[in-house]
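Working notes, beginning with the structure itself.
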Amino acid sequence: MEMILNNLQLSNGKRVNYDFQSGSVTAICGSCRREVMNAIIHESDGVLFGANASLCPISYVPLKKKIDTNTLAKEELLLTFHRNNVEFDEEAVAKIFKILKVELNILNKAICDLTAREQKALLIANALIADSEVIVLDSIENGMHYKTKENLKKYLKTLANDFDKTIVIITNNLTFMFDLADNYLLVDEKKHFAVGTKKDFYSPTLYCCLDVPKIVEFTNYINNAKNRNIKEYIELKELLKAIYRDIENK
């Protein structure tokens, strides 16, 4: 499946063309990222999970969605399985719930009785089991435990690499993008737009538009203020090794 943004005009008058590749993870970032997202998906009133799209089935997990319904969580997941004409796969659901650190017994609760974290897990699980060609995830890392994020990233990479899914993450979090996204699309009010692959994640072009780790700010300071030949590291342990080697080589 190939999904294309063809001459998309944003509210600031700028236009974007971009080809999303199946079997890959693309990060959309920058201040206009949700404008691009809204061009990809079309939410319909009354749809609890997911979204409608004109070109292909899309599973969508929103940034925030407080759901007030007495429907049992399992019933909502059952609808997804029924739409795909397959039987309910409790093992597949349990696997995703384990990654997201929630108990399987929440399926027997009304959705309105779930915590915000459990509702979010249910939205994510529903999107991942829907077997859609495209999965759009809006800032799902917000408020998520580090270990949960790492496990989820591995699962998303598996969906892309082994099942040829097109994964689109909407985020300004450079750390979350770093070892997950294969490509990025930067769409910002300050700039036209920029595209790149993960080898470009160290580009200063991104730093002015994204939420960069403090460690990157520190390495930039070291490079500029001390004039040392230390690369920009995201992992603290790798930075410390570089600083140690720099000192030893004096």
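By order in the structure tokens, chains are A, B, ...; within a chain, residues start at 1; ligands start at 1, following the order shown.
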Who sits within 7 Å of range 172-189 of chain A, only C-alpha atoms, same chain under 6 positions skipped, as a VMD selection string: chain A and resid 12 24 to 33 153 157 195 to 198 201 210 to 213
Could the residues in this selection be written to a file with C-alpha atoms, as a short mmCIF file (atom, residue, chain, number, x, y, z; two decimals), in the first residue's frame?
```cif
data_model
loop_
_atom_site.label_atom_id
_atom_site.label_comp_id
_atom_site.auth_asym_id
_atom_site.auth_seq_id
_atom_site.Cartn_x
_atom_site.Cartn_y
_atom_site.Cartn_z
CA ASN A 12 0.06 28.98 6.59
CA SER A 24 8.28 1.59 7.60
CA VAL A 25 7.72 3.99 10.49
CA THR A 26 7.43 7.68 9.65
CA ALA A 27 7.44 10.46 12.24
CA ILE A 28 5.52 13.65 11.46
CA CYS A 29 6.82 16.51 13.58
CA GLY A 30 6.78 20.28 13.81
CA SER A 31 4.10 22.80 14.76
CA CYS A 32 1.91 21.87 11.76
CA ARG A 33 2.11 18.12 12.36
CA LYS A 153 8.49 0.63 19.97
CA LYS A 157 8.88 -2.01 14.40
CA VAL A 195 12.33 15.26 5.12
CA GLY A 196 15.01 12.85 6.18
CA THR A 197 15.91 9.43 7.49
CA LYS A 198 17.08 8.36 10.92
CA PHE A 201 18.17 12.84 13.47
CA LEU A 210 11.36 19.57 18.42
CA ASP A 211 11.58 18.67 22.07
CA VAL A 212 15.19 17.57 22.33
CA PRO A 213 16.69 15.78 25.34
#
```
DSSP strand (DSSP E or B) residues within range 6-119 of chain A, listed as a ChimeraX atom specification: /A:6-9,15-20,24-29,42,51-52,58-61,72,110
Keeping only C-alpha atoms, take the residues you just selected and write them out as a PDB file, in the first residue's frame.
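Listing of selection39.pdb after writing:
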```pdb
ATOM      1  CA  ASN A   6      -0.257  15.336  -2.963  1.00  0.00           C
ATOM      2  CA  ASN A   7       0.309  19.090  -2.810  1.00  0.00           C
ATOM      3  CA  LEU A   8      -1.333  19.430   0.598  1.00  0.00           C
ATOM      4  CA  GLN A   9      -1.885  23.096   1.479  1.00  0.00           C
ATOM      5  CA  ARG A  15       2.352  22.994   0.500  1.00  0.00           C
ATOM      6  CA  VAL A  16       3.565  19.503   1.236  1.00  0.00           C
ATOM      7  CA  ASN A  17       4.165  16.494  -0.970  1.00  0.00           C
ATOM      8  CA  TYR A  18       5.206  13.257   0.654  1.00  0.00           C
ATOM      9  CA  ASP A  19       5.113   9.520  -0.097  1.00  0.00           C
ATOM     10  CA  PHE A  20       4.663   7.176   2.864  1.00  0.00           C
ATOM     11  CA  SER A  24       8.284   1.586   7.598  1.00  0.00           C
ATOM     12  CA  VAL A  25       7.721   3.986  10.487  1.00  0.00           C
ATOM     13  CA  THR A  26       7.434   7.684   9.649  1.00  0.00           C
ATOM     14  CA  ALA A  27       7.441  10.464  12.241  1.00  0.00           C
ATOM     15  CA  ILE A  28       5.516  13.647  11.457  1.00  0.00           C
ATOM     16  CA  CYS A  29       6.817  16.508  13.577  1.00  0.00           C
ATOM     17  CA  HIS A  42     -11.072  11.797   8.675  1.00  0.00           C
ATOM     18  CA  ALA A  51     -11.234   6.621  11.750  1.00  0.00           C
ATOM     19  CA  ASN A  52     -12.536   6.579   8.199  1.00  0.00           C
ATOM     20  CA  ILE A  58      -6.624   3.544   8.927  1.00  0.00           C
ATOM     21  CA  SER A  59      -6.386   2.788  12.617  1.00  0.00           C
ATOM     22  CA  TYR A  60      -5.976   5.942  14.665  1.00  0.00           C
ATOM     23  CA  VAL A  61      -5.020   6.539  18.292  1.00  0.00           C
ATOM     24  CA  LEU A  72     -17.676  -3.270  28.184  1.00  0.00           C
ATOM     25  CA  ALA A 110     -17.189  -0.712  31.486  1.00  0.00           C
TER      26      ALA A 110
END
```
Selected residue, from A:Leu100, A:Ala127, A:Ile111, A:Leu79, that lies nearest to His145 in chain A when counting only C-alpha atoms: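 That would be A:Leu100, the residue with the smallest distance to His145 in chain A.
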For Lys98 in chain A, the nearest of the candidates A:Val136, A:Leu152, A:Met3, A:Val168, counting only C-alpha atoms: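 Counting only C-alpha atoms, the residue closest to Lys98 in chain A is A:Leu152.
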Test item: residues at most 12 Å from Lys95 in chain A, only C-alpha atoms, excluding those fewer than 4 positions along its chain, as number ranges by chain: A: 89-91, 99-104, 121, 125, 128-129, 151-152, 155
A:Ile135, A:Lys149, A:Ala242, A:Ala160 ranked by distance to Ile41 in chain A, top pick (using only C-alpha atoms): A:Ile135
Those in range 13-116 of chain A with helix (DSSP H, G or I) from DSSP, as a VMD selection string: chain A and resid 33 to 40 73 to 83 90 to 99 104 to 108 111 to 113 116
Counting only C-alpha atoms, the option among A:Ala130, A:Ile106, A:Leu206, A:Ile167 closest to Phe81 in chain A: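 Comparing A:Ala130, A:Ile106, A:Leu206, A:Ile167 against Phe81 in chain A, the winner is A:Ala130.
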Separation of CA of Ile40 in chain A from CA of Lys154 in chain A in Å: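 So the two atoms, CA of Lys154 in chain A and CA of Ile40 in chain A, lie 24.2 Å apart.
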Between CA of Ile124 in chain A and CA of Ile169 in chain A, distance in Å (one decimal):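 Calculated distance between CA of Ile124 in chain A and CA of Ile169 in chain A is 12.4 Å.
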Nearest to Glu141 in chain A by atom-to-atom distance, counting only C-alpha atoms, from A:Thr171, A:Ala39, A:Cys209, A:Leu123: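 Smallest distance to Glu141 in chain A is found for A:Thr171.
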Which residue of A:Glu235, A:Asp68, A:Glu133, A:Asp200 approaches Gly23 in chain A most closely, using only C-alpha atoms: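 When distances to Gly23 in chain A are compared using only C-alpha atoms, the smallest one comes from A:Glu133.
Between CA of Ser139 in chain A and CA of Lys165 in chain A the separation is 18.6 Å.
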